[in-house]
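Here's run-v5.tsv, which has TSV, C-alpha atoms:
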```tsv
chain	number	residue	atom	x	y	z
B	184	MET	CA	-1.22	-6.52	27.91
B	185	LYS	CA	0.19	-6.45	24.40
B	186	THR	CA	-1.79	-8.38	21.81
B	187	VAL	CA	-0.72	-8.84	18.19
B	188	ARG	CA	-3.32	-9.83	15.62
B	189	LEU	CA	-2.24	-10.61	12.08
B	190	PRO	CA	-4.65	-11.54	9.29
B	191	ASN	CA	-4.98	-15.12	8.16
B	192	TYR	CA	-4.65	-15.56	4.43
B	193	SER	CA	-5.58	-17.90	1.59
B	194	ILE	CA	-4.05	-17.99	-1.90
B	195	SER	CA	-5.68	-19.55	-4.95
B	196	ARG	CA	-5.07	-19.48	-8.67
B	197	ARG	CA	-8.72	-19.31	-9.70
B	198	GLY	CA	-11.86	-18.74	-7.63
B	199	TYR	CA	-12.46	-19.00	-3.89
B	200	GLU	CA	-13.11	-22.68	-3.26
B	201	GLY	CA	-13.91	-23.34	0.39
B	202	LEU	CA	-14.68	-19.67	1.10
B	203	GLY	CA	-17.98	-20.45	2.80
B	204	GLN	CA	-16.44	-22.85	5.28
B	205	ILE	CA	-13.72	-20.38	6.20
B	206	VAL	CA	-16.22	-17.56	6.72
B	207	GLU	CA	-18.40	-19.88	8.82
B	208	SER	CA	-15.38	-20.74	10.98
B	209	TYR	CA	-15.33	-17.11	12.16
B	210	GLY	CA	-19.00	-17.32	13.10
B	211	PHE	CA	-20.16	-14.97	10.35
B	212	LYS	CA	-23.56	-15.63	8.77
B	213	LYS	CA	-24.47	-12.39	6.98
B	214	VAL	CA	-22.07	-10.55	4.70
B	215	VAL	CA	-22.15	-7.46	2.52
B	216	LEU	CA	-19.83	-6.78	-0.41
B	217	VAL	CA	-18.27	-3.31	-0.76
B	218	GLY	CA	-15.74	-2.45	-3.44
B	219	GLY	CA	-14.84	-0.75	-6.66
B	220	LYS	CA	-17.04	-1.00	-9.73
B	221	ARG	CA	-14.56	-2.99	-11.81
B	222	ALA	CA	-13.49	-5.12	-8.86
B	223	LEU	CA	-17.04	-6.17	-8.06
B	224	ALA	CA	-17.62	-7.01	-11.71
B	225	ALA	CA	-14.48	-9.17	-11.69
B	226	VAL	CA	-14.99	-11.26	-8.55
B	227	SER	CA	-18.50	-10.81	-7.12
B	228	GLN	CA	-19.73	-13.98	-8.80
B	229	LYS	CA	-16.58	-15.87	-7.84
B	230	ILE	CA	-17.21	-14.92	-4.21
B	231	ARG	CA	-20.84	-15.98	-4.41
B	232	ASP	CA	-19.77	-19.27	-5.97
B	233	GLY	CA	-17.28	-19.80	-3.15
B	234	LEU	CA	-20.07	-19.30	-0.59
B	235	LYS	CA	-22.39	-21.89	-2.18
B	236	GLY	CA	-23.19	-24.82	0.06
B	237	SER	CA	-22.60	-22.77	3.20
B	238	SER	CA	-24.97	-20.96	5.55
B	239	VAL	CA	-23.48	-17.56	4.67
B	240	GLU	CA	-25.95	-15.08	3.17
B	241	VAL	CA	-24.98	-12.13	0.96
B	242	LEU	CA	-27.20	-9.19	1.93
B	243	GLY	CA	-26.10	-6.93	-0.92
B	244	GLU	CA	-23.20	-5.24	-2.66
B	245	PHE	CA	-22.23	-1.60	-2.99
B	246	ILE	CA	-19.72	0.49	-4.93
B	247	TYR	CA	-17.70	2.48	-2.39
B	248	GLY	CA	-16.91	5.46	-4.62
B	249	LYS	CA	-13.49	6.29	-6.04
B	250	GLU	CA	-11.57	7.56	-3.00
B	251	CYS	CA	-11.31	6.61	0.65
B	252	THR	CA	-13.01	9.72	2.02
B	253	LEU	CA	-15.07	10.40	5.12
B	254	LYS	CA	-17.97	11.35	2.85
B	255	ASN	CA	-17.97	7.94	1.13
B	256	ILE	CA	-17.57	6.12	4.43
B	257	GLU	CA	-20.47	8.04	5.96
B	258	ALA	CA	-22.72	7.18	3.01
B	259	LEU	CA	-22.02	3.46	3.43
B	260	LYS	CA	-22.62	3.61	7.20
B	261	ASN	CA	-26.28	4.38	6.54
B	262	LYS	CA	-26.95	1.38	4.31
B	263	LYS	CA	-29.39	-1.08	5.90
B	264	GLU	CA	-27.51	-4.09	4.52
B	265	VAL	CA	-24.21	-2.82	5.91
B	266	LEU	CA	-25.72	-2.31	9.35
B	267	GLU	CA	-27.22	-5.81	9.38
B	268	ALA	CA	-24.08	-7.63	8.16
B	269	ASP	CA	-21.85	-9.59	10.53
B	270	VAL	CA	-18.81	-8.89	8.39
B	271	ILE	CA	-17.97	-6.61	5.49
B	272	PHE	CA	-16.10	-7.97	2.46
B	273	GLY	CA	-13.73	-5.35	1.05
B	274	ILE	CA	-13.13	-5.89	-2.66
B	275	GLY	CA	-10.72	-4.05	-4.93
B	276	GLY	CA	-7.59	-1.96	-4.62
B	277	GLY	CA	-6.09	-0.03	-1.72
B	278	LYS	CA	-8.64	2.77	-1.56
B	279	ALA	CA	-11.57	0.36	-1.57
B	280	LEU	CA	-9.96	-1.84	1.08
B	281	ASP	CA	-9.05	1.16	3.24
B	282	THR	CA	-12.63	2.42	2.96
B	283	VAL	CA	-13.94	-0.92	4.21
B	284	LYS	CA	-11.43	-1.07	7.07
B	285	VAL	CA	-12.47	2.36	8.32
B	286	LEU	CA	-16.15	1.61	7.76
B	287	SER	CA	-15.87	-1.64	9.71
B	288	TYR	CA	-13.94	0.05	12.50
B	289	TYR	CA	-16.51	2.83	12.86
B	290	LEU	CA	-19.32	0.25	13.00
B	291	GLY	CA	-17.52	-2.15	15.32
B	292	LYS	CA	-17.54	-4.95	12.72
B	293	SER	CA	-14.90	-7.25	11.25
B	294	CYS	CA	-13.85	-7.14	7.63
B	295	ILE	CA	-12.34	-9.58	5.15
B	296	SER	CA	-10.16	-8.41	2.26
B	297	PHE	CA	-10.38	-9.54	-1.36
B	298	PRO	CA	-7.64	-7.58	-3.15
B	299	THR	CA	-8.17	-7.68	-6.92
B	300	ILE	CA	-4.97	-5.80	-7.68
B	301	CYS	CA	-1.68	-5.69	-5.79
B	302	SER	CA	-0.85	-2.00	-5.99
B	303	ASN	CA	-0.17	-1.80	-2.23
B	304	CYS	CA	-0.51	-3.73	1.04
B	305	ALA	CA	-3.77	-2.15	2.25
B	306	GLY	CA	-5.58	-5.49	2.33
B	307	GLY	CA	-3.60	-6.67	5.34
B	308	THR	CA	-2.64	-3.54	7.26
B	309	ALA	CA	-4.04	-2.08	10.46
B	310	ILE	CA	-3.99	1.45	9.10
B	311	ALA	CA	-5.89	3.27	6.36
B	312	VAL	CA	-5.09	6.32	4.26
B	313	VAL	CA	-8.00	8.77	4.22
B	314	TYR	CA	-8.19	11.54	1.62
B	315	ASN	CA	-10.00	14.84	1.34
B	316	ASP	CA	-12.75	15.07	-1.27
B	317	ASN	CA	-10.32	16.83	-3.64
B	318	GLY	CA	-7.93	13.86	-3.54
B	319	SER	CA	-5.33	15.40	-1.24
B	320	PHE	CA	-4.08	13.48	1.79
B	321	LEU	CA	-6.15	13.98	4.96
B	322	LYS	CA	-4.87	11.55	7.59
B	323	TYR	CA	-3.84	8.05	8.55
B	324	GLU	CA	-6.62	6.21	10.40
B	325	PRO	CA	-5.54	3.33	12.68
B	326	THR	CA	-7.96	0.41	12.28
B	327	PRO	CA	-8.04	-3.29	13.07
B	328	ALA	CA	-6.64	-5.33	10.20
B	329	ALA	CA	-8.88	-7.58	8.14
B	330	VAL	CA	-9.33	-10.95	9.83
B	331	HIS	CA	-8.57	-12.77	6.58
B	332	ILE	CA	-7.11	-11.95	3.16
B	333	PHE	CA	-8.09	-13.90	0.06
B	334	VAL	CA	-5.59	-13.58	-2.78
B	335	GLU	CA	-6.77	-14.93	-6.12
B	336	THR	CA	-3.94	-14.60	-8.62
B	337	GLU	CA	-5.99	-15.03	-11.81
B	338	THR	CA	-7.82	-11.77	-11.17
B	339	ILE	CA	-4.58	-10.00	-10.24
B	340	ALA	CA	-2.87	-11.23	-13.43
B	341	GLN	CA	-5.79	-10.08	-15.56
B	342	ALA	CA	-6.08	-6.63	-13.98
B	343	PRO	CA	-4.52	-3.60	-15.71
B	344	GLU	CA	-0.76	-4.03	-15.56
B	345	GLU	CA	-0.11	-0.56	-14.13
B	346	TYR	CA	-1.44	-1.63	-10.73
B	347	PHE	CA	0.96	-4.56	-10.49
B	348	TRP	CA	3.76	-2.26	-11.65
B	349	ALA	CA	2.89	0.45	-9.11
B	350	GLY	CA	2.62	-2.19	-6.37
B	351	ILE	CA	6.25	-3.09	-6.94
B	352	GLY	CA	7.13	0.60	-6.64
B	353	ASP	CA	5.30	0.82	-3.33
B	354	GLY	CA	6.61	-2.51	-2.01
B	355	ILE	CA	10.22	-1.57	-2.66
B	356	SER	CA	9.87	1.10	0.03
B	357	LYS	CA	9.22	-1.24	2.93
B	358	LYS	CA	12.78	-2.38	3.67
B	359	ALA	CA	14.21	1.09	3.18
B	360	GLU	CA	11.67	2.84	5.37
B	361	VAL	CA	11.60	0.34	8.23
B	362	LEU	CA	15.40	0.11	8.52
B	363	PHE	CA	15.81	3.89	8.24
B	364	ALA	CA	13.11	4.68	10.79
B	365	SER	CA	14.43	2.21	13.38
B	366	GLN	CA	18.15	2.96	13.09
B	367	ASN	CA	18.40	5.07	16.26
B	368	ASP	CA	16.41	2.78	18.56
B	369	ASP	CA	18.14	0.26	20.82
B	370	PRO	CA	16.79	-1.93	22.25
B	371	ILE	CA	13.92	-2.50	19.84
B	372	ASP	CA	10.62	-4.01	20.96
B	373	PHE	CA	10.41	-7.76	20.21
B	374	VAL	CA	7.30	-7.37	18.05
B	375	ALA	CA	9.03	-4.67	16.02
B	376	THR	CA	12.10	-6.91	15.74
B	377	MET	CA	9.96	-9.51	13.97
B	378	GLY	CA	8.83	-6.79	11.58
B	379	LEU	CA	12.42	-5.71	10.96
B	380	SER	CA	13.38	-9.30	10.18
B	381	LEU	CA	10.64	-9.59	7.57
B	382	ALA	CA	11.47	-6.17	6.16
B	383	GLY	CA	15.11	-7.07	5.72
B	384	SER	CA	14.29	-9.56	2.97
B	385	SER	CA	11.16	-7.95	1.50
B	386	GLN	CA	13.07	-6.14	-1.22
B	387	ASP	CA	14.74	-9.33	-2.49
B	388	THR	CA	11.53	-10.92	-3.84
B	389	LEU	CA	10.54	-7.76	-5.70
B	390	ILE	CA	13.93	-7.39	-7.33
B	391	LYS	CA	14.17	-11.10	-8.17
B	392	TYR	CA	10.69	-11.55	-9.65
B	393	GLY	CA	9.65	-7.99	-10.50
B	394	GLU	CA	10.64	-7.87	-14.15
B	395	GLU	CA	9.41	-11.40	-14.92
B	396	GLY	CA	6.17	-10.94	-12.98
B	397	LEU	CA	5.39	-7.71	-14.81
B	398	ARG	CA	5.98	-9.43	-18.13
B	399	ASP	CA	3.61	-12.25	-17.17
B	400	VAL	CA	0.90	-9.81	-16.10
B	401	ARG	CA	1.23	-8.05	-19.44
B	402	ASN	CA	0.56	-11.45	-21.04
B	403	LYS	CA	-2.31	-12.18	-18.58
B	404	GLU	CA	-0.45	-15.26	-17.34
B	405	VAL	CA	-0.78	-16.68	-13.83
B	406	SER	CA	2.75	-17.70	-12.86
B	407	ARG	CA	5.02	-18.32	-9.91
B	408	SER	CA	6.48	-14.84	-10.37
B	409	VAL	CA	3.03	-13.22	-10.23
B	410	GLU	CA	2.15	-15.21	-7.11
B	411	SER	CA	5.49	-14.35	-5.47
B	412	ILE	CA	5.10	-10.62	-6.11
B	413	ALA	CA	1.43	-10.61	-5.07
B	414	SER	CA	2.24	-12.51	-1.85
B	415	GLU	CA	5.06	-10.14	-1.02
B	416	ILE	CA	2.97	-7.01	-1.55
B	417	LEU	CA	-0.38	-8.15	-0.19
B	418	ILE	CA	0.73	-10.36	2.70
B	419	ASN	CA	4.34	-9.89	3.80
B	420	THR	CA	4.44	-6.09	3.60
B	421	GLY	CA	1.10	-6.00	5.40
B	422	TYR	CA	2.53	-8.11	8.20
B	423	ILE	CA	5.58	-5.84	8.37
B	424	SER	CA	3.32	-2.80	8.63
B	425	ASN	CA	1.36	-4.29	11.53
B	426	LEU	CA	4.48	-5.37	13.41
B	427	THR	CA	6.31	-2.06	13.06
B	428	ASN	CA	3.52	0.25	14.20
B	429	GLY	CA	3.20	0.35	17.99
B	430	GLU	CA	2.33	2.76	20.77
B	431	ASP	CA	5.99	3.42	21.53
B	432	TYR	CA	7.44	3.22	18.03
B	433	TYR	CA	6.53	3.87	14.41
B	434	TYR	CA	8.70	2.34	11.70
B	435	ASN	CA	5.94	1.49	9.22
B	436	SER	CA	6.56	4.44	6.92
B	437	SER	CA	9.12	7.17	6.57
B	438	LEU	CA	10.48	9.56	3.97
B	439	ALA	CA	9.28	7.69	0.87
B	440	HIS	CA	5.70	8.11	2.05
B	441	VAL	CA	6.37	11.61	3.35
B	442	PHE	CA	7.29	12.44	-0.23
B	443	PHE	CA	4.10	10.82	-1.52
B	444	ASN	CA	1.81	12.54	0.97
B	445	LEU	CA	3.34	15.97	0.41
B	446	SER	CA	3.23	15.53	-3.37
B	447	THR	CA	-0.58	15.33	-3.19
B	448	LEU	CA	-0.56	19.01	-2.15
B	449	ILE	CA	0.79	20.08	-5.53
B	450	GLU	CA	-1.90	20.64	-8.14
B	451	ARG	CA	-0.80	19.47	-11.56
B	452	GLU	CA	-2.08	17.74	-14.65
B	453	GLY	CA	-2.09	13.96	-14.93
B	454	GLU	CA	-2.74	11.12	-12.52
B	455	TYR	CA	0.07	9.36	-10.72
B	456	LEU	CA	-0.40	6.06	-8.94
B	457	HIS	CA	0.61	5.83	-5.29
B	458	GLY	CA	3.37	3.29	-5.89
B	459	TYR	CA	4.85	5.27	-8.78
B	460	LEU	CA	5.21	8.32	-6.54
B	461	VAL	CA	6.59	6.23	-3.68
B	462	SER	CA	9.19	4.66	-6.00
B	463	PHE	CA	10.83	8.09	-6.32
B	464	GLY	CA	10.34	8.66	-2.60
B	465	VAL	CA	12.62	5.67	-1.98
B	466	LEU	CA	15.36	7.47	-3.90
B	467	VAL	CA	14.74	10.54	-1.73
B	468	LEU	CA	15.09	8.46	1.43
B	469	HIS	CA	18.41	6.95	0.33
B	470	ALA	CA	19.68	10.38	-0.68
B	471	TYR	CA	18.64	11.77	2.72
B	472	ASP	CA	20.43	8.90	4.47
B	473	LYS	CA	23.45	9.29	2.18
B	474	ASN	CA	23.16	5.58	1.37
B	475	TYR	CA	24.48	6.00	-2.15
B	476	GLU	CA	24.90	2.28	-2.80
B	477	GLU	CA	21.20	1.61	-2.24
B	478	LEU	CA	20.29	4.81	-4.08
B	479	GLU	CA	22.03	3.57	-7.21
B	480	LYS	CA	20.68	0.03	-6.81
B	481	ILE	CA	17.05	1.17	-6.57
B	482	ALA	CA	17.46	3.84	-9.25
B	483	ARG	CA	18.69	1.20	-11.70
B	484	PHE	CA	15.84	-1.09	-10.68
B	485	ASN	CA	13.37	1.74	-11.24
B	486	LYS	CA	14.85	2.35	-14.67
B	487	LYS	CA	14.53	-1.33	-15.58
B	488	LEU	CA	10.82	-1.31	-14.67
B	489	ASP	CA	10.16	2.24	-15.92
B	490	LEU	CA	9.38	3.48	-12.42
B	491	ALA	CA	10.03	7.09	-11.36
B	492	LEU	CA	13.54	8.48	-11.60
B	493	CYS	CA	13.07	12.25	-11.40
B	494	LEU	CA	10.61	14.96	-10.45
B	495	GLU	CA	9.62	15.54	-14.05
B	496	ASP	CA	8.35	11.94	-14.23
B	497	LEU	CA	5.83	12.93	-11.55
B	498	GLY	CA	4.72	16.21	-13.09
B	499	LEU	CA	6.66	18.12	-10.43
B	500	LYS	CA	9.07	21.04	-10.70
B	501	ARG	CA	12.08	21.59	-8.51
B	502	GLU	CA	10.40	24.62	-6.92
B	503	ASP	CA	7.49	22.40	-5.84
B	504	VAL	CA	9.83	20.62	-3.44
B	505	PHE	CA	10.16	23.80	-1.37
B	506	THR	CA	6.38	24.05	-1.04
B	507	MET	CA	6.25	20.39	-0.01
B	508	GLY	CA	9.00	20.95	2.52
B	509	ASP	CA	6.99	23.72	4.18
B	510	HIS	CA	4.46	21.10	5.28
B	511	ILE	CA	6.79	18.30	6.40
B	512	GLU	CA	6.18	18.99	10.09
B	513	GLU	CA	2.51	18.15	9.56
B	514	THR	CA	3.25	14.53	8.59
B	515	LEU	CA	2.83	11.59	10.95
B	516	GLU	CA	6.31	10.38	10.06
B	517	TRP	CA	7.81	13.68	11.24
B	518	LYS	CA	5.86	13.61	14.49
B	519	ARG	CA	6.73	10.02	15.39
B	520	SER	CA	10.22	9.66	13.96
B	521	SER	CA	13.08	8.80	16.31
B	522	VAL	CA	15.40	9.94	13.52
B	523	ALA	CA	15.73	13.72	13.44
B	524	LEU	CA	14.12	14.94	10.22
B	525	THR	CA	14.60	18.46	8.89
B	526	ARG	CA	12.91	20.45	6.15
B	527	ASP	CA	16.20	21.55	4.61
B	528	LYS	CA	17.65	18.03	4.44
B	529	PHE	CA	14.40	16.75	2.91
B	530	ILE	CA	14.53	19.41	0.19
B	531	GLU	CA	18.23	18.73	-0.40
B	532	ALA	CA	17.53	15.00	-0.69
B	533	CYS	CA	14.70	15.55	-3.17
B	534	LEU	CA	16.90	17.69	-5.38
B	535	TYR	CA	19.84	15.29	-5.14
B	536	ALA	CA	17.64	12.29	-6.01
B	537	ASP	CA	16.25	14.26	-8.94
B	538	GLU	CA	19.70	14.99	-10.35
B	539	PHE	CA	20.93	11.47	-9.72
B	540	GLY	CA	17.86	9.94	-11.32
B	541	LYS	CA	18.23	12.12	-14.40
B	542	LYS	CA	21.78	10.85	-14.88
B	543	ILE	CA	20.65	7.22	-14.62
B	544	LYS	CA	17.79	7.93	-17.02
B	545	GLU	CA	20.11	9.39	-19.63
B	546	GLU	CA	22.47	6.40	-19.60
B	547	ASN	CA	22.24	4.03	-22.56
```
Transcribe the structure of this file into structure tokens.
Amino acid sequence: MKTVRLPNYSISRRGYEGLGQIVESYGFKKVVLVGGKRALAAVSQKIRDGLKGSSVEVLGEFIYGKECTLKNIEALKNKKEVLEADVIFGIGGGKALDTVKVLSYYLGKSCISFPTICSNCAGGTAIAVVYNDNGSFLKYEPTPAAVHIFVETETIAQAPEEYFWAGIGDGISKKAEVLFASQNDDPIDFVATMGLSLAGSSQDTLIKYGEEGLRDVRNKEVSRSVESIASEILINTGYISNLTNGEDYYYNSSLAHVFFNLSTLIEREGEYLHGYLVSFGVLVLHAYDKNYEELEKIARFNKKLDLALCLEDLGLKREDVFTMGDHIEETLEWKRSSVALTRDKFIEACLYADEFGKKIKEEN
């Protein structure tokens, strides 16, 4: 029997009014808070305030670390408060939320997501990205999705703007990857068809509100544009991910995330946010697919928002692409793709996107 579970969600401008009643409705009585240091400082009290007047007890709160690694997950598994909790609240960005999803899965518990930035859709997805201790990509870990997502736009608007900016770069990949990955399959599973329908319009919101939303975040303003972008990244793309990842098909990610994952193998100076790297990966995907209209459209959008346009923006050299290509067969996307992917075409697409992006970058 096929069962589809999607997270419920709540959106508020400030605070988590009614949180206790919602948590009680799931039958949870004891909770533990796990998240990033800054994220806990930003919303821990807001969460506790939202639980006032309910029977829900907070057993404790813990900083997860800085990466979603097996080492950090194992350390949290041994915490008494974590073991005694009915549900784990994941608080922070993608790595914190992924850590909590894996932790909850390993312990057989439910989790609830409180994203404090919208740099990616991890808060609502049924998959986590796990890294090695050195920061390189280790694996995707399938997990149950959070049972509920609480999006509080004041905190998102007040967070460092680069996370909102990178979230747009990551979100812009969803339509491109899902449509590319599913192009050879007919008929398509009904559940996946729902995901494709959502994916088809996911890019529109980001392009329409991206520039305005980023401006508002820079001014620490809670606005309709901020809410629209946050909802698209944290909720809609999460739903798409869950609907396009099945036993018989995998459309959730493709070449844009292949590029990201392989780029983590290249040691270089500087830190590059996930969404910033993925934003160039989208150009690689369109170059691979020879969809030059979309390539130009997204390249010009990237330029407008100062997202990635060429390898140099990412601290990469053209020769690095060949090293990345040597590992493409190790990626999940390669193994599960119904579209034939080749190392040589991937390298060719990377180099073409690089040259094309440089030309767009140099235009006045």
message: Rounded to one decimal, what separation in Å do you get between CA of Ala536 in chain B and CA of Ala491 in chain B?
response: 10.7 Å
field: Contacts of range 322-336 of chain B within 7 Å, all atoms listed in the file, excl. fewer than 3 positions in-chain, as a PyMOL selection string
entry: chain B and resi 190-198+284-285+288+293-298+306-314+339-340+405+410
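Put simply, CA of Asp387 in chain B is 14.8 Å away from CA of Val361 in chain B.
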- request: Rank B:Ser462, B:Asn317, B:Ser208, B:Asn261 by their smallest atom-to-atom distance to Ile351 in chain B, using only C-alpha atoms, and report the top residue only.
  value: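 Nearest to Ile351 in chain B: B:Ser462.
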task: Please provide as number ranges by chain all residues within 12 Å of Lys541 in chain B, with the sequence filter that same-chain residues fewer than 6 positions apart are discarded (counting all atoms listed in the file).
output: B: 463, 466, 479, 482-483, 485-486, 491-496, 534-535
Can you write out the residues you just picked, keeping C-alpha atoms, as an mmCIF file, keeping the file's coordinate frame?
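The resulting file, out-v1.cif, is shown below:
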```
data_model
loop_
_atom_site.group_PDB
_atom_site.id
_atom_site.type_symbol
_atom_site.label_atom_id
_atom_site.label_comp_id
_atom_site.auth_asym_id
_atom_site.auth_seq_id
_atom_site.Cartn_x
_atom_site.Cartn_y
_atom_site.Cartn_z
ATOM 1 C CA PHE B 463 10.830 8.090 -6.320
ATOM 2 C CA LEU B 466 15.360 7.470 -3.900
ATOM 3 C CA GLU B 479 22.030 3.570 -7.210
ATOM 4 C CA ALA B 482 17.460 3.840 -9.250
ATOM 5 C CA ARG B 483 18.690 1.200 -11.700
ATOM 6 C CA ASN B 485 13.370 1.740 -11.240
ATOM 7 C CA LYS B 486 14.850 2.350 -14.670
ATOM 8 C CA ALA B 491 10.030 7.090 -11.360
ATOM 9 C CA LEU B 492 13.540 8.480 -11.600
ATOM 10 C CA CYS B 493 13.070 12.250 -11.400
ATOM 11 C CA LEU B 494 10.610 14.960 -10.450
ATOM 12 C CA GLU B 495 9.620 15.540 -14.050
ATOM 13 C CA ASP B 496 8.350 11.940 -14.230
ATOM 14 C CA LEU B 534 16.900 17.690 -5.380
ATOM 15 C CA TYR B 535 19.840 15.290 -5.140
#
```
Residues within 10 Å of Arg407 in chain B, all atoms listed in the file, excluding chain neighbours under 4 positions, as a PyMOL selection string: chain B and resi 336+392+395-396+399+411-413
- prompt: Between CA of Tyr432 in chain B and CA of Ser521 in chain B, what is the distance, to one decimal in Å?
  reply: 8.1 Å
- request: Using all atoms listed in the file, determine which residues lie at most 12 Å from Tyr434 in chain B, disregarding the query and same-chain residues fewer than 2 positions distant; provide the list as a PyMOL selection string.
  value: chain B and resi 356-368+371-372+374-376+378-379+382+423-432+436-438+440+515-522
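Residue nearest Thr447 in chain B within the list B:Asn474, B:Leu488, B:Gln386, B:Gly318: B:Gly318 [criterion: smallest interatomic distance, all atoms listed in the file].
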